[in-house]
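Q: data_16.cif (mmCIF, C-alpha atoms and all ligand atoms) pasted underneath:
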```
data_final
loop_
_atom_site.group_PDB
_atom_site.id
_atom_site.type_symbol
_atom_site.label_atom_id
_atom_site.label_comp_id
_atom_site.auth_asym_id
_atom_site.auth_seq_id
_atom_site.Cartn_x
_atom_site.Cartn_y
_atom_site.Cartn_z
ATOM 1 C CA MET A 851 87.805 40.922 41.564
ATOM 2 C CA ASN A 852 84.799 38.653 41.132
ATOM 3 C CA ARG A 853 82.258 40.691 39.129
ATOM 4 C CA SER A 854 78.732 39.542 38.322
ATOM 5 C CA ARG A 855 77.748 39.055 34.680
ATOM 6 C CA GLN A 856 74.663 40.494 33.025
ATOM 7 C CA PHE A 857 73.153 38.928 29.920
ATOM 8 C CA ALA A 858 70.149 41.209 29.385
ATOM 9 C CA SER A 859 72.054 43.034 26.637
ATOM 10 C CA ASP A 860 75.117 42.204 24.578
ATOM 11 C CA ASN A 861 76.174 45.807 25.206
ATOM 12 C CA TYR A 862 76.914 45.078 28.879
ATOM 13 C CA SER A 863 80.239 43.280 28.540
ATOM 14 C CA GLY A 864 83.566 45.049 28.346
ATOM 15 C CA VAL A 865 86.013 44.969 25.458
ATOM 16 C CA CYS A 866 87.687 41.584 25.019
ATOM 17 C CA PRO A 867 91.242 41.517 26.467
ATOM 18 C CA GLU A 868 92.955 40.913 23.103
ATOM 19 C CA ALA A 869 91.275 43.960 21.581
ATOM 20 C CA TRP A 870 92.067 46.073 24.632
ATOM 21 C CA ALA A 871 95.749 45.064 24.439
ATOM 22 C CA ALA A 872 95.846 45.886 20.710
ATOM 23 C CA MET A 873 94.372 49.329 21.414
ATOM 24 C CA ALA A 874 97.063 49.987 24.023
ATOM 25 C CA GLU A 875 99.761 48.939 21.551
ATOM 26 C CA ALA A 876 98.300 51.193 18.848
ATOM 27 C CA ASN A 877 98.372 54.102 21.285
ATOM 28 C CA ASN A 878 102.195 54.081 21.425
ATOM 29 C CA GLY A 879 104.078 56.760 19.516
ATOM 30 C CA HIS A 880 102.916 59.067 16.748
ATOM 31 C CA GLU A 881 101.012 58.259 13.569
ATOM 32 C CA VAL A 882 99.513 60.321 10.767
ATOM 33 C CA SER A 883 95.801 60.981 11.135
ATOM 34 C CA TYR A 884 92.389 60.696 9.472
ATOM 35 C CA GLY A 885 92.786 57.214 8.146
ATOM 36 C CA ASN A 886 96.258 57.388 6.629
ATOM 37 C CA ASP A 887 97.854 55.711 9.651
ATOM 38 C CA SER A 888 99.271 52.229 9.407
ATOM 39 C CA TRP A 889 96.738 50.778 11.891
ATOM 40 C CA THR A 890 93.778 51.833 9.775
ATOM 41 C CA GLN A 891 95.450 50.427 6.686
ATOM 42 C CA ARG A 892 96.063 47.116 8.409
ATOM 43 C CA ALA A 893 92.588 46.927 9.921
ATOM 44 C CA ALA A 894 90.910 47.724 6.583
ATOM 45 C CA ASP A 895 93.143 45.238 4.740
ATOM 46 C CA MET A 896 92.271 42.538 7.259
ATOM 47 C CA ILE A 897 88.564 43.234 6.789
ATOM 48 C CA ARG A 898 89.025 42.951 3.004
ATOM 49 C CA GLU A 899 90.838 39.670 3.599
ATOM 50 C CA ILE A 900 88.085 38.349 5.883
ATOM 51 C CA PHE A 901 85.386 39.396 3.409
ATOM 52 C CA GLU A 902 87.487 38.140 0.445
ATOM 53 C CA THR A 903 86.759 41.230 -1.619
ATOM 54 C CA ASP A 904 88.286 44.590 -2.447
ATOM 55 C CA CYS A 905 85.627 46.552 -0.547
ATOM 56 C CA GLU A 906 85.970 50.022 0.912
ATOM 57 C CA VAL A 907 85.949 50.155 4.712
ATOM 58 C CA PHE A 908 84.890 53.139 6.825
ATOM 59 C CA PHE A 909 85.236 53.222 10.588
ATOM 60 C CA VAL A 910 82.522 55.170 12.381
ATOM 61 C CA PHE A 911 81.625 55.630 16.010
ATOM 62 C CA ASN A 912 78.717 53.282 16.465
ATOM 63 C CA GLY A 913 76.142 51.041 14.842
ATOM 64 C CA THR A 914 73.639 53.854 14.451
ATOM 65 C CA SER A 915 76.153 55.870 12.388
ATOM 66 C CA ALA A 916 77.021 52.796 10.331
ATOM 67 C CA ASN A 917 73.362 52.169 9.536
ATOM 68 C CA SER A 918 72.490 55.805 8.946
ATOM 69 C CA LEU A 919 75.457 56.673 6.754
ATOM 70 C CA SER A 920 75.286 53.518 4.678
ATOM 71 C CA LEU A 921 71.542 53.969 4.075
ATOM 72 C CA ALA A 922 72.048 57.659 3.280
ATOM 73 C CA ALA A 923 74.633 56.649 0.669
ATOM 74 C CA LEU A 924 72.188 54.212 -0.931
ATOM 75 C CA CYS A 925 69.052 56.377 -0.930
ATOM 76 C CA GLN A 926 67.791 59.705 -2.140
ATOM 77 C CA PRO A 927 65.515 61.737 0.183
ATOM 78 C CA TYR A 928 62.437 60.735 -1.857
ATOM 79 C CA HIS A 929 63.208 57.027 -1.393
ATOM 80 C CA SER A 930 61.824 54.642 1.182
ATOM 81 C CA ILE A 931 63.818 52.037 3.089
ATOM 82 C CA LEU A 932 62.075 48.701 3.577
ATOM 83 C CA CYS A 933 62.832 46.769 6.757
ATOM 84 C CA HIS A 934 61.278 44.414 9.285
ATOM 85 C CA GLU A 935 58.943 46.082 11.786
ATOM 86 C CA LEU A 936 61.303 45.138 14.635
ATOM 87 C CA ALA A 937 64.428 46.452 12.870
ATOM 88 C CA HIS A 938 66.752 48.495 15.053
ATOM 89 C CA ILE A 939 66.791 51.286 12.434
ATOM 90 C CA GLU A 940 63.052 51.699 13.103
ATOM 91 C CA THR A 941 62.698 50.998 16.808
ATOM 92 C CA SER A 942 65.904 52.271 18.385
ATOM 93 C CA GLU A 943 67.771 54.866 16.342
ATOM 94 C CA CYS A 944 65.567 57.855 17.073
ATOM 95 C CA GLY A 945 65.075 58.655 13.376
ATOM 96 C CA ALA A 946 68.817 58.873 12.609
ATOM 97 C CA PRO A 947 68.572 57.005 9.258
ATOM 98 C CA GLU A 948 65.837 59.419 8.136
ATOM 99 C CA PHE A 949 67.817 62.397 9.442
ATOM 100 C CA PHE A 950 71.070 61.479 7.678
ATOM 101 C CA SER A 951 69.346 60.547 4.425
ATOM 102 C CA ASN A 952 67.581 63.924 4.452
ATOM 103 C CA GLY A 953 64.190 62.331 4.830
ATOM 104 C CA SER A 954 64.104 58.855 3.273
ATOM 105 C CA LYS A 955 61.058 57.181 4.816
ATOM 106 C CA ILE A 956 61.264 53.850 6.614
ATOM 107 C CA LEU A 957 58.495 51.453 5.562
ATOM 108 C CA LEU A 958 57.823 48.498 7.845
ATOM 109 C CA LEU A 959 57.290 44.918 6.749
ATOM 110 C CA PRO A 960 55.787 42.148 8.890
ATOM 111 C CA GLY A 961 57.510 38.771 9.027
ATOM 112 C CA GLU A 962 57.782 35.717 11.236
ATOM 113 C CA ASN A 963 60.807 35.198 13.476
ATOM 114 C CA GLY A 964 62.093 38.713 12.896
ATOM 115 C CA LYS A 965 62.743 38.042 9.192
ATOM 116 C CA VAL A 966 61.354 39.704 6.095
ATOM 117 C CA ALA A 967 60.270 37.461 3.229
ATOM 118 C CA PRO A 968 60.628 38.139 -0.527
ATOM 119 C CA ALA A 969 56.822 38.242 -0.978
ATOM 120 C CA ALA A 970 56.499 41.021 1.620
ATOM 121 C CA VAL A 971 59.238 43.015 -0.123
ATOM 122 C CA ALA A 972 57.516 42.622 -3.483
ATOM 123 C CA HIS A 973 54.174 43.596 -1.971
ATOM 124 C CA ALA A 974 55.588 46.780 -0.426
ATOM 125 C CA VAL A 975 57.129 47.803 -3.749
ATOM 126 C CA LYS A 976 54.172 46.953 -5.967
ATOM 127 C CA ARG A 977 51.211 47.963 -3.846
ATOM 128 C CA ARG A 978 51.417 51.573 -5.011
ATOM 129 C CA ASN A 979 53.065 53.478 -7.810
ATOM 130 C CA ASP A 980 51.500 56.899 -7.410
ATOM 131 C CA ILE A 981 53.538 60.047 -6.917
ATOM 132 C CA HIS A 982 52.540 60.299 -3.226
ATOM 133 C CA TYR A 983 54.266 57.043 -2.310
ATOM 134 C CA PRO A 984 57.971 57.307 -1.396
ATOM 135 C CA LYS A 985 59.811 55.313 -4.053
ATOM 136 C CA PRO A 986 61.247 52.113 -2.519
ATOM 137 C CA GLY A 987 65.026 52.495 -2.777
ATOM 138 C CA ALA A 988 66.621 50.063 -0.358
ATOM 139 C CA LEU A 989 65.999 46.913 1.610
ATOM 140 C CA SER A 990 67.632 46.748 5.033
ATOM 141 C CA LEU A 991 68.221 43.308 6.571
ATOM 142 C CA THR A 992 69.495 42.659 10.090
ATOM 143 C CA GLN A 993 71.815 39.674 10.452
ATOM 144 C CA VAL A 994 71.473 38.178 13.146
ATOM 145 C CA THR A 995 67.908 39.555 13.460
ATOM 146 C CA GLU A 996 66.525 41.461 16.416
ATOM 147 C CA VAL A 997 64.965 38.239 17.785
ATOM 148 C CA GLY A 998 68.121 36.173 17.456
ATOM 149 C CA THR A 999 67.352 34.285 14.245
ATOM 150 C CA ALA A 1000 69.759 34.143 11.302
ATOM 151 C CA TYR A 1001 68.943 34.428 7.601
ATOM 152 C CA SER A 1002 70.345 31.377 5.787
ATOM 153 C CA VAL A 1003 72.441 31.745 2.636
ATOM 154 C CA ALA A 1004 69.413 30.681 0.578
ATOM 155 C CA GLU A 1005 67.193 33.257 2.296
ATOM 156 C CA ILE A 1006 69.709 36.055 1.700
ATOM 157 C CA LYS A 1007 70.013 35.033 -1.962
ATOM 158 C CA ALA A 1008 66.239 34.930 -2.442
ATOM 159 C CA LEU A 1009 65.841 38.347 -0.808
ATOM 160 C CA THR A 1010 68.643 40.012 -2.740
ATOM 161 C CA GLU A 1011 67.438 38.549 -6.028
ATOM 162 C CA THR A 1012 63.950 39.886 -5.322
ATOM 163 C CA ALA A 1013 65.458 43.246 -4.372
ATOM 164 C CA LYS A 1014 67.485 43.348 -7.571
ATOM 165 C CA SER A 1015 64.478 42.534 -9.722
ATOM 166 C CA LEU A 1016 62.590 45.410 -8.060
ATOM 167 C CA GLY A 1017 65.439 47.921 -8.370
ATOM 168 C CA LEU A 1018 66.265 48.016 -4.650
ATOM 169 C CA ARG A 1019 69.703 48.211 -3.114
ATOM 170 C CA VAL A 1020 70.457 46.001 -0.128
ATOM 171 C CA GLN A 1021 71.971 47.122 3.151
ATOM 172 C CA MET A 1022 72.804 44.827 6.038
ATOM 173 C CA ASP A 1023 72.767 45.823 9.691
ATOM 174 C CA GLY A 1024 75.476 43.489 10.882
ATOM 175 C CA ALA A 1025 75.538 44.388 14.578
ATOM 176 C CA ARG A 1026 75.602 40.653 15.292
ATOM 177 C CA PHE A 1027 77.111 39.618 11.980
ATOM 178 C CA THR A 1028 79.855 37.574 13.633
ATOM 179 C CA ASN A 1029 77.215 35.498 15.456
ATOM 180 C CA ALA A 1030 75.588 34.747 12.091
ATOM 181 C CA VAL A 1031 78.894 33.657 10.577
ATOM 182 C CA ALA A 1032 79.591 31.396 13.552
ATOM 183 C CA SER A 1033 76.124 29.865 13.832
ATOM 184 C CA LEU A 1034 75.645 29.288 10.089
ATOM 185 C CA GLY A 1035 79.202 28.025 9.654
ATOM 186 C CA VAL A 1036 79.717 30.125 6.504
ATOM 187 C CA ALA A 1037 82.290 32.581 5.227
ATOM 188 C CA PRO A 1038 81.420 36.295 5.684
ATOM 189 C CA ALA A 1039 81.354 36.616 1.872
ATOM 190 C CA ASP A 1040 78.668 33.933 1.583
ATOM 191 C CA ILE A 1041 76.076 36.021 3.391
ATOM 192 C CA THR A 1042 77.096 39.389 1.939
ATOM 193 C CA TRP A 1043 78.473 40.125 -1.522
ATOM 194 C CA ARG A 1044 78.545 36.560 -2.861
ATOM 195 C CA ALA A 1045 74.800 36.383 -2.295
ATOM 196 C CA ALA A 1046 73.926 39.945 -3.241
ATOM 197 C CA TRP A 1047 74.025 42.022 -6.387
ATOM 198 C CA THR A 1048 75.031 45.114 -4.424
ATOM 199 C CA CYS A 1049 75.511 44.776 -0.724
ATOM 200 C CA CYS A 1050 76.563 47.256 1.830
ATOM 201 C CA ALA A 1051 77.203 45.659 5.165
ATOM 202 C CA SER A 1052 77.413 47.632 8.347
ATOM 203 C CA ALA A 1053 79.174 45.103 10.481
ATOM 204 C CA ALA A 1054 79.480 46.058 14.102
ATOM 205 C CA ARG A 1055 81.491 43.678 16.195
ATOM 206 C CA LYS A 1056 79.528 43.727 19.400
ATOM 207 C CA THR A 1057 81.445 40.652 20.367
ATOM 208 C CA ALA A 1058 84.910 42.166 20.248
ATOM 209 C CA LEU A 1059 85.868 45.766 19.814
ATOM 210 C CA ARG A 1060 83.102 48.060 20.941
ATOM 211 C CA TRP A 1061 84.038 51.242 19.150
ATOM 212 C CA ALA A 1062 85.547 49.917 15.957
ATOM 213 C CA ARG A 1063 82.209 49.825 14.204
ATOM 214 C CA ARG A 1064 82.595 49.807 10.487
ATOM 215 C CA TRP A 1065 80.740 49.881 7.269
ATOM 216 C CA CYS A 1066 81.963 48.351 4.040
ATOM 217 C CA PHE A 1067 80.897 48.834 0.471
ATOM 218 C CA SER A 1068 81.396 46.227 -2.175
ATOM 219 C CA THR A 1069 81.240 48.997 -4.756
ATOM 220 C CA ALA A 1070 84.427 51.043 -4.827
ATOM 221 C CA ASN A 1071 83.167 54.206 -6.518
ATOM 222 C CA TRP A 1072 81.196 55.262 -3.449
ATOM 223 C CA ARG A 1073 84.408 55.955 -1.586
ATOM 224 C CA ALA A 1074 84.606 59.705 -2.081
ATOM 225 C CA ILE A 1075 81.020 60.513 -1.118
ATOM 226 C CA SER A 1076 81.177 58.153 1.811
ATOM 227 C CA ILE A 1077 84.219 59.726 3.411
ATOM 228 C CA THR A 1078 82.658 63.154 3.023
ATOM 229 C CA ALA A 1079 79.411 61.855 4.515
ATOM 230 C CA ALA A 1080 81.228 60.434 7.545
ATOM 231 C CA SER A 1081 83.000 63.735 8.103
ATOM 232 C CA ARG A 1082 79.806 65.779 7.763
ATOM 233 C CA ALA A 1083 78.065 63.450 10.204
ATOM 234 C CA ALA A 1084 80.791 64.044 12.801
ATOM 235 C CA SER A 1085 81.852 60.413 12.433
ATOM 236 C CA LEU A 1086 85.343 60.896 10.984
ATOM 237 C CA ARG A 1087 87.977 59.781 13.464
ATOM 238 C CA ARG A 1088 91.407 61.292 13.851
ATOM 239 C CA LYS A 1089 92.872 57.877 14.482
ATOM 240 C CA CYS A 1090 91.573 54.747 12.829
ATOM 241 C CA GLY A 1091 89.684 56.948 10.399
ATOM 242 C CA SER A 1092 87.494 56.504 7.395
ATOM 243 C CA SER A 1093 90.072 56.651 4.658
ATOM 244 C CA PRO A 1094 91.524 53.196 4.261
ATOM 245 C CA ARG A 1095 93.607 53.503 1.093
ATOM 246 C CA ARG A 1096 97.097 54.963 1.092
ATOM 247 C CA GLY A 1097 97.437 58.369 -0.497
ATOM 248 C CA TRP A 1098 93.786 59.309 0.040
ATOM 249 C CA GLY A 1099 92.496 61.735 2.619
ATOM 250 C CA CYS A 1100 93.854 64.525 4.794
HETATM 251 C C1 LIG A 1201 70.692 45.256 15.538
HETATM 252 C C2 LIG A 1201 71.385 46.521 15.995
HETATM 253 N N1 LIG A 1201 71.726 47.444 15.080
HETATM 254 C C3 LIG A 1201 72.331 48.577 15.446
HETATM 255 C C4 LIG A 1201 72.632 48.854 16.768
HETATM 256 C C5 LIG A 1201 73.213 50.206 17.098
HETATM 257 O O1 LIG A 1201 74.411 50.185 17.718
HETATM 258 P P1 LIG A 1201 74.910 51.444 18.605
HETATM 259 O O2 LIG A 1201 74.257 51.343 19.928
HETATM 260 O O3 LIG A 1201 76.385 51.244 18.621
HETATM 261 O O4 LIG A 1201 74.524 52.716 17.873
HETATM 262 C C6 LIG A 1201 72.318 47.904 17.759
HETATM 263 C C7 LIG A 1201 72.627 48.166 19.182
HETATM 264 O O5 LIG A 1201 72.186 47.573 20.101
HETATM 265 C C8 LIG A 1201 71.656 46.709 17.369
HETATM 266 O O6 LIG A 1201 71.291 45.792 18.269
#
```
For the file at hand, write its structure as structure tokens.

A:
Amino acid sequence: MNRSRQFASDNYSGVCPEAWAAMAEANNGHEVSYGNDSWTQRAADMIREIFETDCEVFFVFNGTSANSLSLAALCQPYHSILCHELAHIETSECGAPEFFSNGSKILLLPGENGKVAPAAVAHAVKRRNDIHYPKPGALSLTQVTEVGTAYSVAEIKALTETAKSLGLRVQMDGARFTNAVASLGVAPADITWRAAWTCCASAARKTALRWARRWCFSTANWRAISITAASRAASLRRKCGSSPRRGWGC
């Protein structure tokens, strides 16, 4: 059948044939559940291999859950989350990051070409220090940005160094992370943990497997709280779950 193509949104395409075939193969036979199955182990190990680090990997249902749960793990309710004014977490997630973090406030930063700059981050942190201002706790970056630009390695480094000096954690909305890797010609590690002091990347592969959205932590000791958070947020899958290490989970 000759079907027309729509390019208004990268959500319009179907799943790529290789991913669809792999899903069908994984559907054969029985497997243990909630992340202790061999497919989850393999998928998480491959992500660790691609990112060249021993990170924890959690599969959740969509990009909004990945953003919300990762930010909730990084912030306390009295914190604020700094992001670009066009960031998806602000414009298109209906308050989910605030909801799942029990009230962390999103603070918007201006910036050309959809990017935030270190000076704007510093300004947002330093402009007030009174008790009525939500304490800046995290910086959220979108890679590729909402307007299709990519932060370079140098830009990511400058931003994460500024964040570190100001006591902020860094989260990355990686809905189009694979496009950034391809267009910059870098390794995934170069624009995540190798550039950042603490980086949590929510990397959603819009380009391949629609529902295998994932979030990864480069810091292993968040594993326990993160699995519990995914379960409480109704984002724990029976198959291809959130518990990537053998011997852990249900
Ligand atoms: C930059 C960005 N982040 C997050 C999301 C959220 O993804 P989902 O629709 O799977 O919740 C999208 C979806 O379009 C997006 O473009």

Q: As a list of chain:residue names, please: the residues near Ser888 of chain A (cut-off 10 Å, all atoms listed in the file, same-chain neighbours under 2 positions excluded).

A: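 What passes the distance filter is A:Ala876, A:Glu881, A:Val882, A:Ser883, A:Gly885, A:Asn886, A:Thr890, A:Gln891, A:Arg892, A:Ala893, A:Ala894, A:Lys1089, A:Cys1090, A:Pro1094, A:Arg1096.
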
Q: I need the residue nearest Ala1079 of chain A from this list: A:Ala871, A:Val1020, A:Ala923, A:Val975. Use all atoms listed in the file for the distance.

A: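 Of A:Ala871, A:Val1020, A:Ala923, A:Val975, the one nearest Ala1079 of chain A, counting all atoms listed in the file, is A:Ala923.
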
Q: Could you list the residues chosen by the PyMOL selection byres (((not hetatm)) within 9 of (chain A and resi 1201)) in this structure as a PDB file with C-alpha atoms, in the frame of the given file?

A:
```
ATOM      1  CA  SER A 859      72.054  43.034  26.637  1.00  0.00           C
ATOM      2  CA  ASP A 860      75.117  42.204  24.578  1.00  0.00           C
ATOM      3  CA  ASN A 861      76.174  45.807  25.206  1.00  0.00           C
ATOM      4  CA  PHE A 911      81.625  55.630  16.010  1.00  0.00           C
ATOM      5  CA  ASN A 912      78.717  53.282  16.465  1.00  0.00           C
ATOM      6  CA  GLY A 913      76.142  51.041  14.842  1.00  0.00           C
ATOM      7  CA  THR A 914      73.639  53.854  14.451  1.00  0.00           C
ATOM      8  CA  SER A 915      76.153  55.870  12.388  1.00  0.00           C
ATOM      9  CA  ALA A 916      77.021  52.796  10.331  1.00  0.00           C
ATOM     10  CA  ASN A 917      73.362  52.169   9.536  1.00  0.00           C
ATOM     11  CA  ALA A 937      64.428  46.452  12.870  1.00  0.00           C
ATOM     12  CA  HIS A 938      66.752  48.495  15.053  1.00  0.00           C
ATOM     13  CA  ILE A 939      66.791  51.286  12.434  1.00  0.00           C
ATOM     14  CA  SER A 942      65.904  52.271  18.385  1.00  0.00           C
ATOM     15  CA  GLU A 943      67.771  54.866  16.342  1.00  0.00           C
ATOM     16  CA  THR A 992      69.495  42.659  10.090  1.00  0.00           C
ATOM     17  CA  GLN A 993      71.815  39.674  10.452  1.00  0.00           C
ATOM     18  CA  VAL A 994      71.473  38.178  13.146  1.00  0.00           C
ATOM     19  CA  THR A 995      67.908  39.555  13.460  1.00  0.00           C
ATOM     20  CA  GLU A 996      66.525  41.461  16.416  1.00  0.00           C
ATOM     21  CA  ASP A1023      72.767  45.823   9.691  1.00  0.00           C
ATOM     22  CA  GLY A1024      75.476  43.489  10.882  1.00  0.00           C
ATOM     23  CA  ALA A1025      75.538  44.388  14.578  1.00  0.00           C
ATOM     24  CA  ARG A1026      75.602  40.653  15.292  1.00  0.00           C
ATOM     25  CA  SER A1052      77.413  47.632   8.347  1.00  0.00           C
ATOM     26  CA  ALA A1054      79.480  46.058  14.102  1.00  0.00           C
ATOM     27  CA  LYS A1056      79.528  43.727  19.400  1.00  0.00           C
ATOM     28  CA  ARG A1060      83.102  48.060  20.941  1.00  0.00           C
ATOM     29  CA  TRP A1061      84.038  51.242  19.150  1.00  0.00           C
ATOM     30  CA  ARG A1063      82.209  49.825  14.204  1.00  0.00           C
TER      31      ARG A1063
END
```

Q: Separation of atom CA of Asp1040 of chain A and atom CA of Gly964 of chain A, in Å?

A: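 Atom-to-atom, atom CA of Asp1040 of chain A and atom CA of Gly964 of chain A are spaced 20.6 Å apart.
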
Q: Let me make sure I understand: among A:Tyr862, A:Phe857, A:Phe909, A:Tyr1001, which one has the smallest atom-to-atom distance to Ser1081 of chain A if we use all atoms listed in the file?

A: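 Among the listed residues, the smallest separation from Ser1081 of chain A belongs to A:Phe909.
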
Q: Please return as a list in words every residue within 7 Å of (59.0, 52.4, 13.0), taking into account all atoms listed in the file and the file's own coordinates.

A: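 With a cut-off of 7 Å, the residues come to Glu935, Glu940, Thr941, Ile956 and Leu958 of chain A.
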
Q: With distances taken over all atoms listed in the file, which of A:Thr1078, A:His929, A:Glu875, A:Trp1043 is nearest to Ile981 of chain A?

A: A:His929
